[in-house]
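J.: Dropping the structure in here first, questions after.
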Amino acid sequence: MFKRIFFFISFFLIMGFSFSEDLNILILNSYHSGYKWSDDITKFLVDYNLKNDYNYFIEYMDTKHHYEDDFFVHLKEFFSEKYKNTKFDYIFSIDDNALKFLRVFGEDIFGNIPIIFCGVNNYKNIDFSELKNYYGIFEDIDMKNNLKLIKDMYSNLNSLYIINDNKSATGIILKEEILKEIEFFDFKEINFIENENFKDIFDFVKSIDKNSAIFLMVYFVDKQGKYMDPVEFSKRLASDSKVPVFVPWDFYLNTGVIGGKVLSGQSQAEEMIKIFENLRRQKELKEHLYQPHQKFIFDNYILNKFNINRKYLPSNYELINKSESFFIKYKYFIILNLIIFLILFLLIFYLRSRLLIKKKYIKKLKKQEEKLNASYEELEALNETLEESYNENETLLNNLKVLIDFSIHNFSNLDTFLKEVFTKMKFLMPEADNGGVLLFEEDKINIVEKSNYTDEMLENFDFNVEQFYNMSKVFIKEYDKPLIFSDSKDEIKVYKTMNISIRTEKKLYGVMIFDICSENMNFSNESIRFARYFNKIMFNYLTIMEKNKEIFDSYVDFSNKLAIIAESYDQEMANHIYRIGELAYFIAKKMDLNSDFCEKIKIFAPLHDIGKIFVDKNILTKKESLTTDEWEDMKKHTLYSSYLLSGNSNFKIAYNIALYHHEKFDGTGYPSGLLGNDIPIEAQIVSVVDVYDALRSKRSYKSDFSHEKTMEIIFKGDGRTSPNHFNPEILKVLKENSDEIKQLWFDL
């Protein structure tokens with residue numbers, strides 16, 4: 001028992017003694033959604049309820065449009081049925097009709113519960129001493145100070161036009177109130193505009209005398225019974241009027257009116273909340289009615305429009321739409337120019353840095369060229385050693401196979417590996433509701449795997465990638481406010497997240513995320529240990545993958561050097577293997593082949609004649625025509641190449657190029673006499689560019705041909721070469737891109 005008590009005390013201490021009671025609160029609105037006065041009040045009350053996690057319900061009586069004799073009876077029946085199983089603790093009542101309804105039917109429907117009201121004009125006819133549970137703020141317009149304001153600002157005023165709706169209960173009460181105050185002011189002429197059509201009012205104010213003023217109270221319904229939103233009415237009125245329009249409510253502001261001493265919907269809501277909180281503490285209050293807070297607010301733009309001297313304004317006024325300083329007015333323009341300047345500065349700095357880097361790399365390349373020449377000499381010495389003994393060649397062949405197998409050992413698809421790790425982690429972490437695997441690729445985030453999230457949710461969420469670079473390998477974060485993942489159909493709240501970095505010592509690849517969507521759930525110690533265990537597995541896997549990549553690159557580099565040995569009995573032959581890779585890549589791209597496939601063709605095309613390291617050097621360098629036996633020995637270089645490159649799927653493209661690049665489309669090639677598309681496409685491409693470059697290049701047994709002559713031989717034939725030897729689609733690409741190929745070969 002003591003352990004349980006200690007647990008609950010500790011829990012509430014951790015939560016900072018913050019908890020919310022399960023209260024049901026009804027917000028009863030006299031009017032409809034879209035009426036700005038009551039919308040401001042409702043929004044403030046809703047925000048308050050959301051902040052305190054109270055259960056709230058909103059009802060709109062819509063009495064601007066419906067006020068028949070039996071309407072309240074129908075509402076009573078509706079609310080009684082709707083809320084027969086709901087017990088409310090408090091009711092917030094907005095404006096007269098809601099309070100009137102509650103006084104008549106409230107206790108029958110909701111019971112004897114506290115009712116907090118605001119916006120009530122007809123409060124003087126209500127005996128609140130009999131309404132023990134009713135507390136609120138009345139809506140009493142300060143007619144006296146508004147009339148005094150108009151009089152002070154316009155001492156030579158000829159006419160004051162008061163626009164008021166004499167059909168609504170509010171309009172009738174307001175007229176009674178202003179008539180009581182008008183008699184204390186010496187206005188030359190006072191005209192009430194009421195019971196008119198909206199259009200007639202707008203037409204009338206266009207032509208009134210400039211030494212006049214308008215005081216707009218309420219005008220919801222016109223002579224024909226048409227309703228207009230008060231904010232829209234105020235905009236139309238101020239737009240058409242040639243004289244200033246004074247108002248007593250803040251929802252009229254920013255519509256072109258000048259202002260006045262105004263009532264604020266939000267201030268009424270704030271007073272309601274004060275009463276509510278006092279009731280929560282004291283259960284019962286001595287006072288039932290409270291004075292509304294009003295203040296003078298004016299539109300600075302409209303004051304300037306009508307050239308009104310500020311000395312006529314009361315001392316304690318507020319301004320909206322104040323004049324802005326030069327910086328405030330043009331701050332976005334200034335900021336934009338500063339950004340452009342900064343970008344240009346950074347660009348200049350970047351270009352200068354790149355220039356310095358370029359110079360640095362030129363020096364570095366010269367040093368590498370020297371090292372390459374030294375490596376070339378070493379490789380030539382190695383070639384001489386290879387020629388000394390067939391047994392040594394066999395040993396080298398076996399070593400190369402081991403090297404190939406080792407360099408790609410366990411080199412599998414990273415996405416598949418991470419999906420497998422994520423699946424196992426999800427199984428071992430039952431408290432995690434959602435999760436995903438994110439890989440960082442330059443400025444993009446690649447979603448490899450996800451659980452219970454949609455792609456839209458993850459794409460809409462703004463991940464701060466920078467945080468993952470500095471976090472520990474396994475990092476758990478708790479949120480004061482839940483993170484929201486949402487899409488067009490649903491949203492998910494996340495209270496705790498476990499981030500598991502996917503990284504090595506060299507690079508951060510991404511992050512594996514597991515989320516808890518229950519506020520009181522935590523990650524277990526077992527789950528944390530599993531996370532650390534799998535983090536080490538991913539670290540080791542990626543480290544091995546990086547080292548395998550390094551080995552793979554080293555092998556390709558070494559193979560290229562062997563290819564140079566095979567081709568480099570003169571400088572032109574050495575250049576040949578480099579050009580083959582670039583030309584083959586160009587053709588493959590123009591054929592819209594897969595980008596990765598094109599890159600591999602570029603990497604492996606230079607290895608097409610690597611088997612020549614096993615062909616007699618005298619045959620390779622012979623200037624005269626080869627004998628039949630010598631030619632048969634030369635043709636074996638494709639088989640030697642296949643021995644070097646066989647046994648590993650990662651070098652399948654290199655294997656196909658080396659073995660089949662002398663096959664011909666018409667079936668007359670070697671070593672297998674393959675026909676048409678039985679020849680791998682990569683070998684077909686290298687076959688064409690190999691012939692093209694051989695014709696363009698000067699060899700010991702032939703002179704070089706021009707691009708035009710070479711194209712003529714390929715497309716028309718010359719006795720040895722025939723267009724039937726090549727894939728027509730490749731020839732089409734070669735022909736369509738003739739000028740580019742000519743320039744590319746020249747540049748290479």
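Ordering of the structure tokens sets the chain letters (A, B, ...); residue numbers start at 1 within each chain; ligands are numbered from 1 in the order shown.
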Using the chain letters and numbers from this document, which residues of segment 616-673 of chain A does DSSP assign to alpha helix (DSSP H), as JSON, numbers by chain?
T.: {"A": [617, 618, 619, 620, 621, 628, 629, 630, 631, 632, 633, 634, 635, 637, 638, 639, 640, 641, 642, 643, 644, 645, 652, 653, 654, 655, 656, 657, 658, 659, 660]}
J.: I want to know what sits within 10 Å of Lys295 of chain A, based on only C-alpha atoms, with residues of the same chain fewer than 5 positions away left out; could you give that as a VMD selection string?
T.: chain A and resid 142 248 to 250 260 to 264 316 to 318
J.: For segment 682-684 of chain A, work out the shell of residues within 12 Å, counting only C-alpha atoms and skipping chain neighbours fewer than 3 positions away, then give it as a VMD selection string.
T.: chain A and resid 580 to 581 584 to 585 587 to 589 591 593 to 594 597 to 608 638 652 to 666 669 674 to 679 687 to 691 725 to 731
J.: Find, counting only C-alpha atoms, the residue in A:Tyr541, A:Thr504, A:Gly136, A:Ile297 that gets nearest to Asn413 of chain A.
T.: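 Among the listed residues, the smallest separation from Asn413 of chain A belongs to A:Tyr541.
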J.: With a distance cut-off of 12 Å and only C-alpha atoms, select the neighbouring residues of segment 435-449 of chain A, excluding the residue or stretch itself and same-chain residues fewer than 3 positions from it, and output the selection as a PyMOL selection string.
T.: chain A and resi 413-423+425-427+429-432+452-466+468-469+485+492+494+496-503+507-517
J.: Just to confirm, what's the straight-line distance from atom CA of Ile137 of chain A to atom CA of Asp89 of chain A in Å (one decimal)?
T.: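 Distance reported for this atom pair: 19.7 Å.
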J.: Please extract the residues of segment 98-197 of chain A with a backbone DSSP assignment of strand (DSSP E or B) and present them as a list in words.
T.: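 Result set for segment 98-197 of chain A (strand (DSSP E or B)): Ile115, Ile116, Phe117, Cys118, Gly119, Val120, Tyr134, Tyr135, Gly136, Ile137, Phe138, Ser159, Leu160, Tyr161, Ile162, Ile163, Ile190, Asn191, Phe192 and Ile193 of chain A.
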J.: Excluding Asn618 of chain A and residues on its chain fewer than 4 positions from it, collect all residues at most 12 Å away from it, counting only C-alpha atoms, and give them as a list in words.
T.: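 Skipping anything fewer than 4 positions along the chain leaves Glu387, Tyr569, Lys612, Ile613, Phe614, Lys622, Lys623, Glu624, Leu626, Glu630, Asp633 and Met634 of chain A.
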J.: Counting only C-alpha atoms, figure out which residue out of A:Leu344, A:Ile116, A:Ile339, A:Val231 gets nearest to Ile275 of chain A.
T.: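 Ranked by minimum distance to Ile275 of chain A, first place goes to A:Ile116.
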J.: Can you tell me how far atom CA of Leu50 of chain A sits from atom CA of Gln266 of chain A, in Å to one decimal?
T.: 16.4 Å
J.: With only C-alpha atoms as the basis for distance, which of A:Glu139, A:Asp209, A:Glu176, A:Asp203 is at the shortest distance from Glu189 of chain A?
T.: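 Residue with the minimum atom-to-atom distance to Glu189 of chain A: A:Asp209.
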